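> Got a structure for you, questions after.
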Amino acid sequence: GPGPTCVLGIDLGTTSVKAALVTGTERGLAVAQSCSRETQAQSDSLEAAAQGMEQNVQKIIKALNECLAALPQQQLQRVTHIGISGQMHGVVFWKSDKGCKWAEGGTGPSFEPDKVSHLVTWQDGRCNPTFLSSLPLPQSHVSLATGFGCATVYWYLKNSPDFLKSYDAAGTIQDYVVAMLCDLKKPLMSVQNAASWGYFNCRNKSWNTDILKKSGFPVHLLPEVGDPGSIAGRTTCAWHGIPKEAKVGIALGDFQCSVYSCLTERTDAVLNISTSAQLTISMPMGFQPPEAPDPCSAVTYFPYFNGDYLAVAASLNGGNVLAAFVGMVAQWTQELGLQVQESAIYPRIIQAALTQKPSKLSVQPTIFGERHLPEQLASVTNIDGTELSLGHVTRALCRGIVENLCSMLPVQHLVETGVRRILGSGSALTRNEVLRQEVERIFPFPVVYGKDVDAAVGAAMVM
């Protein structure tokens, strides 16, 4: 026979794109094939200069096309459903009738972006606290922060209004892909992604339209909103050999999909350290978040699936802090007249840290601030002249990343909510033995590390 049907899961992440083919077996769902490509999509921001954090959408879609071209054609031809997740909070703008161009390729038709802006990502810093405080107060349980889609639109409205006139549609990068695949005239967005933009009320599943209209916000750019897990439409072309009319799910949050791929018990907590870092627990069934956020609280309630919520300590400081540290070491060696590749530094500092026990040296790693403390910077304290080796500093940095998360969602709270186990995931955690040692030292629970804990698999599982 032709073989079992497949579900394609896609994740459009901050640094890479992943595609996974998931199929049913006697033992349950299994990943038949997967492929990942780095996007290398970082791009300069013309409007926001150094505060801007933008990505080239053409490069993201190029990486996506390369991923799909690398998957077996026979299995792609058996795909019946497509689940798509991606980085939340960010916003990309496009012309609804000219968002992409379809062309025939080696593995069948594929699309390339056309009248599309850069993606302004969740890491964007153009909306400083002063600017955010000038905006109307949202009717939402989520505090507004820089990098949130609606805040970014407000920034353009004030600083570059002509930019917005070129487009009539907007969404996250994953909403854009769904709209292109299904030829949606009006973008469709899940509750998960809508909540991540700000100015969205999860209780009645609607935008704060009245509040936004009064301040001149271009509400025509806001997508329609639907439930996560629902179908957005069907493919209009045989995309990379995937049959025409394959069902495409409404785009999901990468965080929720990562959790969905591994969370089986409500007594599990999920610790993810990749570019950023999150510590997550399930809220009891029927839980509703408060009507207004506590701006000083480090915990956010993320809409999950079937009306459930996750309590999340979402830190802006994870693997990106280690990457910045490696970059600093590389720059120092270059200034000393030596050339060392960053890729060679990373394994050496980890190895050096493995030879050192924890010391008094303490690193507060928040070089990117935190959403509840945007002006908080990093610091190093308890510096002892005998504990300044690269190994000591690296270990203290790894411990600081974990301790920072713990300060946001304390161990005592986990114990009180009945957590019995930690599920560890994320590229920074799985590649870094020192981080794992510090996790196991700080948390009084068994820690299980998942090999295939990722958003692409989770997006496929939802379908």
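How things are named: the first chain in the structure tokens is A, the next is B, and so on; residues count from 1 in each chain; ligands count from 1 in the order shown.
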Would you tabulate, counting only C-alpha atoms, all residues of range 192-307 of chain A that have an atom at most 10 Å from an atom of range 365-371 of chain A, showing the closest pair of atoms and their distance in Å to one decimal, sorted by chain then ascending number, as JSON lines?

```
{"residue": "A:Ser276", "atom": "CA", "partner": "A:Phe368", "partner_atom": "CA", "distance": 9.9}
{"residue": "A:Pro295", "atom": "CA", "partner": "A:Arg371", "partner_atom": "CA", "distance": 9.0}
{"residue": "A:Cys296", "atom": "CA", "partner": "A:Arg371", "partner_atom": "CA", "distance": 9.2}
{"residue": "A:Ser297", "atom": "CA", "partner": "A:Arg371", "partner_atom": "CA", "distance": 9.4}
{"residue": "A:Ala298", "atom": "CA", "partner": "A:Arg371", "partner_atom": "CA", "distance": 7.8}
```
> Mind dumping the selected residues with N, CA, C and O atoms as an mmCIF file, in the first residue's frame?

```cif
data_model
loop_
_atom_site.group_PDB
_atom_site.id
_atom_site.type_symbol
_atom_site.label_atom_id
_atom_site.label_comp_id
_atom_site.auth_asym_id
_atom_site.auth_seq_id
_atom_site.Cartn_x
_atom_site.Cartn_y
_atom_site.Cartn_z
ATOM 1 N N SER A 276 15.807 31.905 24.900
ATOM 2 C CA SER A 276 15.354 32.447 26.180
ATOM 3 C C SER A 276 15.124 31.265 27.122
ATOM 4 O O SER A 276 15.597 30.164 26.856
ATOM 5 N N PRO A 295 1.778 44.151 37.359
ATOM 6 C CA PRO A 295 2.969 44.514 36.571
ATOM 7 C C PRO A 295 4.284 44.079 37.207
ATOM 8 O O PRO A 295 5.301 43.975 36.527
ATOM 9 N N CYS A 296 4.264 43.815 38.518
ATOM 10 C CA CYS A 296 5.493 43.407 39.194
ATOM 11 C C CYS A 296 5.655 41.883 39.226
ATOM 12 O O CYS A 296 6.694 41.386 39.672
ATOM 13 N N SER A 297 4.632 41.167 38.781
ATOM 14 C CA SER A 297 4.703 39.705 38.839
ATOM 15 C C SER A 297 5.565 39.158 37.717
ATOM 16 O O SER A 297 5.471 39.611 36.569
ATOM 17 N N ALA A 298 6.382 38.179 38.047
ATOM 18 C CA ALA A 298 7.242 37.547 37.039
ATOM 19 C C ALA A 298 6.530 36.403 36.329
ATOM 20 O O ALA A 298 7.052 35.848 35.371
#
```
> Counting only C-alpha atoms, what is within 7 Å of range 210-227 of chain A, bar same-chain residues fewer than 6 positions away, as a CSV table (one decimal) with N, CA and C atoms, in the first residue's frame?

```
chain,number,residue,atom,x,y,z
A,154,TYR,N,1.9,50.5,17.4
A,154,TYR,CA,1.8,51.8,18.0
A,154,TYR,C,3.1,52.6,17.7
A,168,ASP,N,-1.9,45.9,4.4
A,168,ASP,CA,-3.3,45.8,4.9
A,168,ASP,C,-3.5,44.5,5.7
A,169,ALA,N,-2.4,43.8,6.0
A,169,ALA,CA,-2.5,42.6,6.8
A,169,ALA,C,-1.3,42.5,7.7
A,170,ALA,N,-1.5,41.8,8.8
A,170,ALA,CA,-0.4,41.6,9.8
A,170,ALA,C,-0.6,40.4,10.6
A,171,GLY,N,0.4,39.8,11.1
A,171,GLY,CA,0.3,38.6,11.9
A,171,GLY,C,1.7,38.2,12.4
A,186,LYS,N,-8.1,37.4,4.9
A,186,LYS,CA,-7.9,38.0,6.2
A,186,LYS,C,-7.1,37.1,7.0
A,187,PRO,N,-6.0,37.5,7.6
A,187,PRO,CA,-5.2,36.5,8.5
A,187,PRO,C,-6.1,36.0,9.6
A,188,LEU,N,-5.8,34.8,10.0
A,188,LEU,CA,-6.4,34.1,11.1
A,188,LEU,C,-5.4,33.8,12.2
A,189,MET,N,-5.7,34.1,13.4
A,189,MET,CA,-4.7,34.0,14.5
A,189,MET,C,-5.3,33.2,15.6
A,190,SER,N,-4.5,32.4,16.3
A,190,SER,CA,-5.0,31.6,17.5
A,190,SER,C,-5.0,32.5,18.7
A,191,VAL,N,-5.8,32.2,19.7
A,191,VAL,CA,-5.8,32.9,20.9
A,191,VAL,C,-4.4,33.0,21.5
```
> Just the residues within 8 Å of range 206-208 of chain A, please, counting only C-alpha atoms, with nothing from its chain fewer than 5 positions along; format it as a ChimeraX atom specification.
/A:138-139,199-201,225
> Put those residues in a file: N, CA, C and O atoms, as a compact mmCIF listing (two decimals), in the first residue's frame.

```txt
# COMPACT_ATOMS: atom_id res chain seq x y z
N PRO A 138 -4.24 48.33 28.42
CA PRO A 138 -5.00 47.25 27.80
C PRO A 138 -6.02 46.64 28.77
O PRO A 138 -5.84 46.69 29.99
N GLN A 139 -7.08 46.08 28.22
CA GLN A 139 -8.03 45.27 29.01
C GLN A 139 -7.63 43.82 28.78
O GLN A 139 -8.18 43.12 27.93
N TYR A 199 -3.31 43.72 24.20
CA TYR A 199 -4.62 44.28 23.85
C TYR A 199 -5.60 43.20 23.38
O TYR A 199 -6.39 43.41 22.46
N PHE A 200 -5.51 42.03 24.02
CA PHE A 200 -6.43 40.94 23.70
C PHE A 200 -6.98 40.38 24.99
O PHE A 200 -6.24 40.09 25.94
N ASN A 201 -8.32 40.26 25.04
CA ASN A 201 -8.99 39.74 26.23
C ASN A 201 -9.27 38.26 26.03
O ASN A 201 -10.09 37.88 25.19
N VAL A 225 -9.57 35.91 15.07
CA VAL A 225 -9.01 35.03 16.10
C VAL A 225 -9.86 33.76 16.24
O VAL A 225 -11.09 33.82 16.21
```
> Using only C-alpha atoms, which of the listed residues (A:Trp332, A:Trp239, A:Phe287, A:Phe302) sits closest to Gln77 in chain A?
A:Trp239
> List every residue of range 299-461 of chain A that DSSP, applied to the backbone, labels as strand (DSSP E), and write the result as a PDB file with N, CA, C and O atoms, in the first residue's frame.

```pdb
ATOM      1  N   VAL A 299       5.336  36.047  36.802  1.00  0.00           N
ATOM      2  CA  VAL A 299       4.603  34.915  36.224  1.00  0.00           C
ATOM      3  C   VAL A 299       3.499  35.425  35.304  1.00  0.00           C
ATOM      4  O   VAL A 299       2.733  36.322  35.654  1.00  0.00           O
ATOM      5  N   THR A 300       3.433  34.838  34.105  1.00  0.00           N
ATOM      6  CA  THR A 300       2.390  35.156  33.132  1.00  0.00           C
ATOM      7  C   THR A 300       1.554  33.908  32.895  1.00  0.00           C
ATOM      8  O   THR A 300       2.072  32.790  32.933  1.00  0.00           O
ATOM      9  N   TYR A 301       0.270  34.103  32.626  1.00  0.00           N
ATOM     10  CA  TYR A 301      -0.613  32.971  32.332  1.00  0.00           C
ATOM     11  C   TYR A 301      -0.836  32.901  30.827  1.00  0.00           C
ATOM     12  O   TYR A 301      -1.413  33.801  30.233  1.00  0.00           O
ATOM     13  N   PHE A 302      -0.329  31.817  30.229  1.00  0.00           N
ATOM     14  CA  PHE A 302      -0.420  31.632  28.785  1.00  0.00           C
ATOM     15  C   PHE A 302      -1.635  30.771  28.443  1.00  0.00           C
ATOM     16  O   PHE A 302      -1.813  29.703  29.042  1.00  0.00           O
ATOM     17  N   PRO A 303      -2.475  31.199  27.481  1.00  0.00           N
ATOM     18  CA  PRO A 303      -3.538  30.313  27.024  1.00  0.00           C
ATOM     19  C   PRO A 303      -2.919  29.052  26.409  1.00  0.00           C
ATOM     20  O   PRO A 303      -1.962  29.146  25.629  1.00  0.00           O
ATOM     21  N   TYR A 309      -4.821  26.893  30.997  1.00  0.00           N
ATOM     22  CA  TYR A 309      -3.753  27.892  31.065  1.00  0.00           C
ATOM     23  C   TYR A 309      -2.489  27.281  31.656  1.00  0.00           C
ATOM     24  O   TYR A 309      -2.540  26.335  32.445  1.00  0.00           O
ATOM     25  N   LEU A 310      -1.362  27.852  31.252  1.00  0.00           N
ATOM     26  CA  LEU A 310      -0.074  27.528  31.850  1.00  0.00           C
ATOM     27  C   LEU A 310       0.410  28.731  32.644  1.00  0.00           C
ATOM     28  O   LEU A 310       0.252  29.879  32.203  1.00  0.00           O
ATOM     29  N   ALA A 311       0.964  28.477  33.837  1.00  0.00           N
ATOM     30  CA  ALA A 311       1.651  29.537  34.578  1.00  0.00           C
ATOM     31  C   ALA A 311       3.107  29.488  34.155  1.00  0.00           C
ATOM     32  O   ALA A 311       3.760  28.448  34.256  1.00  0.00           O
ATOM     33  N   VAL A 312       3.616  30.605  33.663  1.00  0.00           N
ATOM     34  CA  VAL A 312       4.942  30.609  33.037  1.00  0.00           C
ATOM     35  C   VAL A 312       5.814  31.724  33.607  1.00  0.00           C
ATOM     36  O   VAL A 312       5.415  32.882  33.623  1.00  0.00           O
ATOM     37  N   ALA A 313       6.987  31.335  34.081  1.00  0.00           N
ATOM     38  CA  ALA A 313       8.039  32.307  34.341  1.00  0.00           C
ATOM     39  C   ALA A 313       8.857  32.365  33.057  1.00  0.00           C
ATOM     40  O   ALA A 313       9.627  31.454  32.758  1.00  0.00           O
ATOM     41  N   ALA A 314       8.614  33.396  32.256  1.00  0.00           N
ATOM     42  CA  ALA A 314       9.260  33.503  30.941  1.00  0.00           C
ATOM     43  C   ALA A 314      10.395  34.515  31.030  1.00  0.00           C
ATOM     44  O   ALA A 314      10.168  35.721  31.081  1.00  0.00           O
ATOM     45  N   SER A 315      11.617  33.999  31.072  1.00  0.00           N
ATOM     46  CA  SER A 315      12.786  34.863  31.184  1.00  0.00           C
ATOM     47  C   SER A 315      13.327  35.218  29.804  1.00  0.00           C
ATOM     48  O   SER A 315      13.351  34.374  28.902  1.00  0.00           O
ATOM     49  N   SER A 362      28.963  35.018  42.195  1.00  0.00           N
ATOM     50  CA  SER A 362      27.533  35.066  41.879  1.00  0.00           C
ATOM     51  C   SER A 362      27.295  35.962  40.667  1.00  0.00           C
ATOM     52  O   SER A 362      27.757  37.103  40.624  1.00  0.00           O
ATOM     53  N   VAL A 363      26.582  35.428  39.675  1.00  0.00           N
ATOM     54  CA  VAL A 363      26.268  36.189  38.462  1.00  0.00           C
ATOM     55  C   VAL A 363      24.760  36.380  38.357  1.00  0.00           C
ATOM     56  O   VAL A 363      24.003  35.401  38.342  1.00  0.00           O
ATOM     57  N   GLN A 364      24.332  37.628  38.308  1.00  0.00           N
ATOM     58  CA  GLN A 364      22.936  37.952  37.961  1.00  0.00           C
ATOM     59  C   GLN A 364      22.951  38.144  36.447  1.00  0.00           C
ATOM     60  O   GLN A 364      23.516  39.113  35.943  1.00  0.00           O
ATOM     61  N   SER A 379      24.833  41.691  36.773  1.00  0.00           N
ATOM     62  CA  SER A 379      25.885  42.074  37.717  1.00  0.00           C
ATOM     63  C   SER A 379      26.651  40.832  38.161  1.00  0.00           C
ATOM     64  O   SER A 379      26.150  39.711  38.070  1.00  0.00           O
ATOM     65  N   VAL A 380      27.873  41.066  38.626  1.00  0.00           N
ATOM     66  CA  VAL A 380      28.702  39.991  39.182  1.00  0.00           C
ATOM     67  C   VAL A 380      29.120  40.422  40.587  1.00  0.00           C
ATOM     68  O   VAL A 380      29.631  41.523  40.771  1.00  0.00           O
ATOM     69  N   THR A 381      28.871  39.562  41.568  1.00  0.00           N
ATOM     70  CA  THR A 381      29.211  39.896  42.954  1.00  0.00           C
ATOM     71  C   THR A 381      29.989  38.749  43.605  1.00  0.00           C
ATOM     72  O   THR A 381      30.134  37.677  43.021  1.00  0.00           O
ATOM     73  N   ARG A 421       8.000  16.361  39.283  1.00  0.00           N
ATOM     74  CA  ARG A 421       9.065  16.050  38.329  1.00  0.00           C
ATOM     75  C   ARG A 421       9.311  17.260  37.434  1.00  0.00           C
ATOM     76  O   ARG A 421       8.401  18.028  37.145  1.00  0.00           O
ATOM     77  N   ILE A 422      10.576  17.430  37.029  1.00  0.00           N
ATOM     78  CA  ILE A 422      10.940  18.482  36.070  1.00  0.00           C
ATOM     79  C   ILE A 422      11.254  17.826  34.732  1.00  0.00           C
ATOM     80  O   ILE A 422      12.034  16.868  34.668  1.00  0.00           O
ATOM     81  N   LEU A 423      10.633  18.334  33.660  1.00  0.00           N
ATOM     82  CA  LEU A 423      10.965  17.895  32.305  1.00  0.00           C
ATOM     83  C   LEU A 423      11.854  18.966  31.686  1.00  0.00           C
ATOM     84  O   LEU A 423      11.418  20.112  31.501  1.00  0.00           O
ATOM     85  N   GLY A 424      13.108  18.613  31.416  1.00  0.00           N
ATOM     86  CA  GLY A 424      14.070  19.576  30.881  1.00  0.00           C
ATOM     87  C   GLY A 424      14.120  19.521  29.371  1.00  0.00           C
ATOM     88  O   GLY A 424      14.169  18.436  28.782  1.00  0.00           O
ATOM     89  N   SER A 425      14.088  20.692  28.720  1.00  0.00           N
ATOM     90  CA  SER A 425      14.133  20.727  27.256  1.00  0.00           C
ATOM     91  C   SER A 425      14.856  21.982  26.791  1.00  0.00           C
ATOM     92  O   SER A 425      15.191  22.860  27.588  1.00  0.00           O
ATOM     93  N   VAL A 447      14.791  15.085  37.498  1.00  0.00           N
ATOM     94  CA  VAL A 447      14.783  15.839  36.236  1.00  0.00           C
ATOM     95  C   VAL A 447      14.924  14.850  35.080  1.00  0.00           C
ATOM     96  O   VAL A 447      15.826  14.015  35.072  1.00  0.00           O
ATOM     97  N   VAL A 448      14.010  14.948  34.115  1.00  0.00           N
ATOM     98  CA  VAL A 448      14.027  14.077  32.937  1.00  0.00           C
ATOM     99  C   VAL A 448      14.257  14.954  31.714  1.00  0.00           C
ATOM    100  O   VAL A 448      13.569  15.959  31.530  1.00  0.00           O
ATOM    101  N   TYR A 449      15.225  14.584  30.898  1.00  0.00           N
ATOM    102  CA  TYR A 449      15.526  15.363  29.694  1.00  0.00           C
ATOM    103  C   TYR A 449      14.926  14.665  28.478  1.00  0.00           C
ATOM    104  O   TYR A 449      15.141  13.477  28.264  1.00  0.00           O
TER     105      TYR A 449
END
```
> Point out the residue among A:Val419, A:Leu435, A:Val153, A:Val326 with the least atom-to-atom distance to Leu390 in chain A, counting only C-alpha atoms.
A:Val326
> Excluding Trp122 in chain A and its own-chain neighbours fewer than 5 positions away, which residues fall within 7 Å of it when counting only C-alpha atoms? Please give them as a PyMOL selection string.
chain A and resi 88-90+147-148
> Which residue is closest to Leu119 in chain A? Choose from A:Gln174, A:Asn56, A:Ser143, A:Ser133 and count only C-alpha atoms.
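Result for the nearest residue to Leu119 in chain A: A:Asn56.
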> Select from range 38-152 of chain A everything DSSP, run on the backbone, classes as helix (DSSP H, G or I), then give the selection as a compact mmCIF listing (two decimals) with N, CA, C and O atoms, in the first residue's frame.

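Done, and the output landed in states.txt:
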```
# COMPACT_ATOMS: atom_id res chain seq x y z
N ALA A 49 17.04 51.49 14.47
CA ALA A 49 18.50 51.45 14.69
C ALA A 49 18.88 50.35 15.68
O ALA A 49 18.41 49.23 15.59
N ALA A 50 19.71 50.70 16.66
CA ALA A 50 20.27 49.68 17.57
C ALA A 50 19.20 49.01 18.43
O ALA A 50 19.38 47.87 18.87
N GLN A 51 18.09 49.71 18.70
CA GLN A 51 17.05 49.12 19.54
C GLN A 51 16.20 48.10 18.79
O GLN A 51 15.51 47.29 19.38
N VAL A 57 12.23 38.07 6.24
CA VAL A 57 11.23 37.01 6.03
C VAL A 57 11.63 36.12 4.85
O VAL A 57 11.38 34.91 4.88
N GLN A 58 12.26 36.71 3.84
CA GLN A 58 12.72 35.89 2.70
C GLN A 58 13.66 34.78 3.17
O GLN A 58 13.57 33.64 2.69
N LYS A 59 14.56 35.11 4.09
CA LYS A 59 15.51 34.11 4.58
C LYS A 59 14.83 33.03 5.43
O LYS A 59 15.23 31.87 5.40
N ILE A 60 13.82 33.43 6.19
CA ILE A 60 13.08 32.45 6.99
C ILE A 60 12.37 31.46 6.07
O ILE A 60 12.42 30.24 6.28
N ILE A 61 11.71 31.97 5.04
CA ILE A 61 10.97 31.09 4.12
C ILE A 61 11.94 30.25 3.28
O ILE A 61 11.65 29.10 2.94
N LYS A 62 13.11 30.81 2.97
CA LYS A 62 14.12 30.02 2.26
C LYS A 62 14.55 28.82 3.09
O LYS A 62 14.65 27.70 2.58
N ALA A 63 14.76 29.04 4.40
CA ALA A 63 15.13 27.94 5.30
C ALA A 63 14.00 26.92 5.39
O ALA A 63 14.23 25.70 5.42
N LEU A 64 12.76 27.41 5.40
CA LEU A 64 11.60 26.51 5.43
C LEU A 64 11.54 25.66 4.17
O LEU A 64 11.35 24.43 4.23
N ASN A 65 11.74 26.28 3.02
CA ASN A 65 11.73 25.54 1.75
C ASN A 65 12.85 24.50 1.71
O ASN A 65 12.65 23.38 1.21
N GLU A 66 14.01 24.85 2.24
CA GLU A 66 15.14 23.91 2.27
C GLU A 66 14.82 22.71 3.17
O GLU A 66 15.16 21.57 2.85
N CYS A 67 14.17 22.97 4.29
CA CYS A 67 13.77 21.88 5.19
C CYS A 67 12.83 20.90 4.49
O CYS A 67 13.02 19.68 4.55
N LEU A 68 11.81 21.45 3.83
CA LEU A 68 10.81 20.58 3.19
C LEU A 68 11.42 19.83 2.00
O LEU A 68 11.09 18.67 1.76
N ALA A 69 12.33 20.49 1.27
CA ALA A 69 12.97 19.84 0.13
C ALA A 69 13.84 18.67 0.58
O ALA A 69 14.09 17.73 -0.19
N ALA A 70 14.31 18.71 1.84
CA ALA A 70 15.18 17.65 2.36
C ALA A 70 14.40 16.45 2.89
O ALA A 70 14.99 15.40 3.17
N GLN A 73 10.11 12.67 -0.34
CA GLN A 73 8.94 12.99 -1.14
C GLN A 73 7.78 12.00 -0.92
O GLN A 73 6.62 12.40 -0.84
N GLN A 74 8.12 10.72 -0.79
CA GLN A 74 7.07 9.71 -0.60
C GLN A 74 6.24 10.01 0.63
O GLN A 74 5.02 9.84 0.64
N GLN A 75 6.91 10.45 1.71
CA GLN A 75 6.18 10.73 2.94
C GLN A 75 5.43 12.07 2.87
O GLN A 75 4.34 12.19 3.41
N LEU A 76 6.03 13.05 2.21
CA LEU A 76 5.34 14.33 2.04
C LEU A 76 4.03 14.15 1.27
O LEU A 76 3.04 14.83 1.53
N PRO A 129 10.32 51.85 28.26
CA PRO A 129 9.28 52.02 29.29
C PRO A 129 8.51 53.33 29.18
O PRO A 129 7.30 53.37 29.43
N THR A 130 9.18 54.41 28.79
CA THR A 130 8.51 55.71 28.65
C THR A 130 7.46 55.65 27.54
O THR A 130 6.33 56.12 27.70
N PHE A 131 7.83 55.03 26.41
CA PHE A 131 6.89 54.90 25.30
C PHE A 131 5.70 54.02 25.70
O PHE A 131 4.54 54.36 25.45
N LEU A 132 5.99 52.90 26.35
CA LEU A 132 4.92 51.97 26.75
C LEU A 132 3.94 52.64 27.72
O LEU A 132 2.73 52.41 27.65
N SER A 133 4.48 53.47 28.61
CA SER A 133 3.61 54.14 29.60
C SER A 133 2.71 55.18 28.94
O SER A 133 1.71 55.61 29.53
N GLY A 149 3.38 42.61 19.40
CA GLY A 149 2.90 43.09 18.11
C GLY A 149 2.17 44.42 18.16
O GLY A 149 2.46 45.33 17.38
N CYS A 150 1.20 44.56 19.07
CA CYS A 150 0.42 45.80 19.13
C CYS A 150 1.28 46.99 19.55
O CYS A 150 1.09 48.11 19.05
N ALA A 151 2.22 46.76 20.46
CA ALA A 151 3.12 47.84 20.88
C ALA A 151 3.97 48.30 19.69
O ALA A 151 4.19 49.51 19.49
N THR A 152 4.42 47.34 18.88
CA THR A 152 5.23 47.68 17.71
C THR A 152 4.42 48.49 16.70
O THR A 152 4.91 49.47 16.12
```
> Within 9 Å of Cys398 in chain A, counting only C-alpha atoms, which residues qualify if same-chain residues fewer than 2 places away don't, as a VMD selection string?
chain A and resid 322 363 365 393 to 396 400 to 403 434 to 436 438
> CA of Phe445 in chain A to CA of Tyr260 in chain A: how many Å, to one decimal?
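Result for CA of Phe445 in chain A versus CA of Tyr260 in chain A: 20.6 Å, one decimal.
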> In Å to one decimal, how far is CA of Ser258 in chain A from CA of Arg399 in chain A?
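Pair CA of Arg399 in chain A / CA of Ser258 in chain A returns 23.3 Å.
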> Interatomic distance between CA of Ile10 in chain A and CA of Asn317 in chain A?
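Spanning CA of Ile10 in chain A to CA of Asn317 in chain A is a straight-line distance of 24.7 Å.
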> Using only C-alpha atoms for the distances, tell me which of A:Lys165, A:Lys205, A:His372, A:Arg420 is nearest to Arg266 in chain A.
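Going through A:Lys165, A:Lys205, A:His372, A:Arg420 one by one, the smallest distance to Arg266 in chain A is for A:Arg420.
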> Pick out the residues sitting within 9 Å of Trp102 in chain A, and hand them over as a list in words; count only C-alpha atoms, and ignore anything fewer than 6 positions along from it in its own chain.
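Once the nearby chain positions are removed, what remains is Pro109, Ser110, Phe111, Glu112, Pro113 and Cys237 of chain A.
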> Given the choices A:Pro161, A:Leu181, A:Asp97, A:Ala292, which gets closest to Arg203 in chain A if the distance is worked out from only C-alpha atoms?
A:Ala292
> Looking at only C-alpha atoms, which of A:Ile273, A:Leu12, A:Cys100, A:Leu46 is the one that sits closest to Asp175 in chain A?
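Nearest to Asp175 in chain A: A:Leu12.
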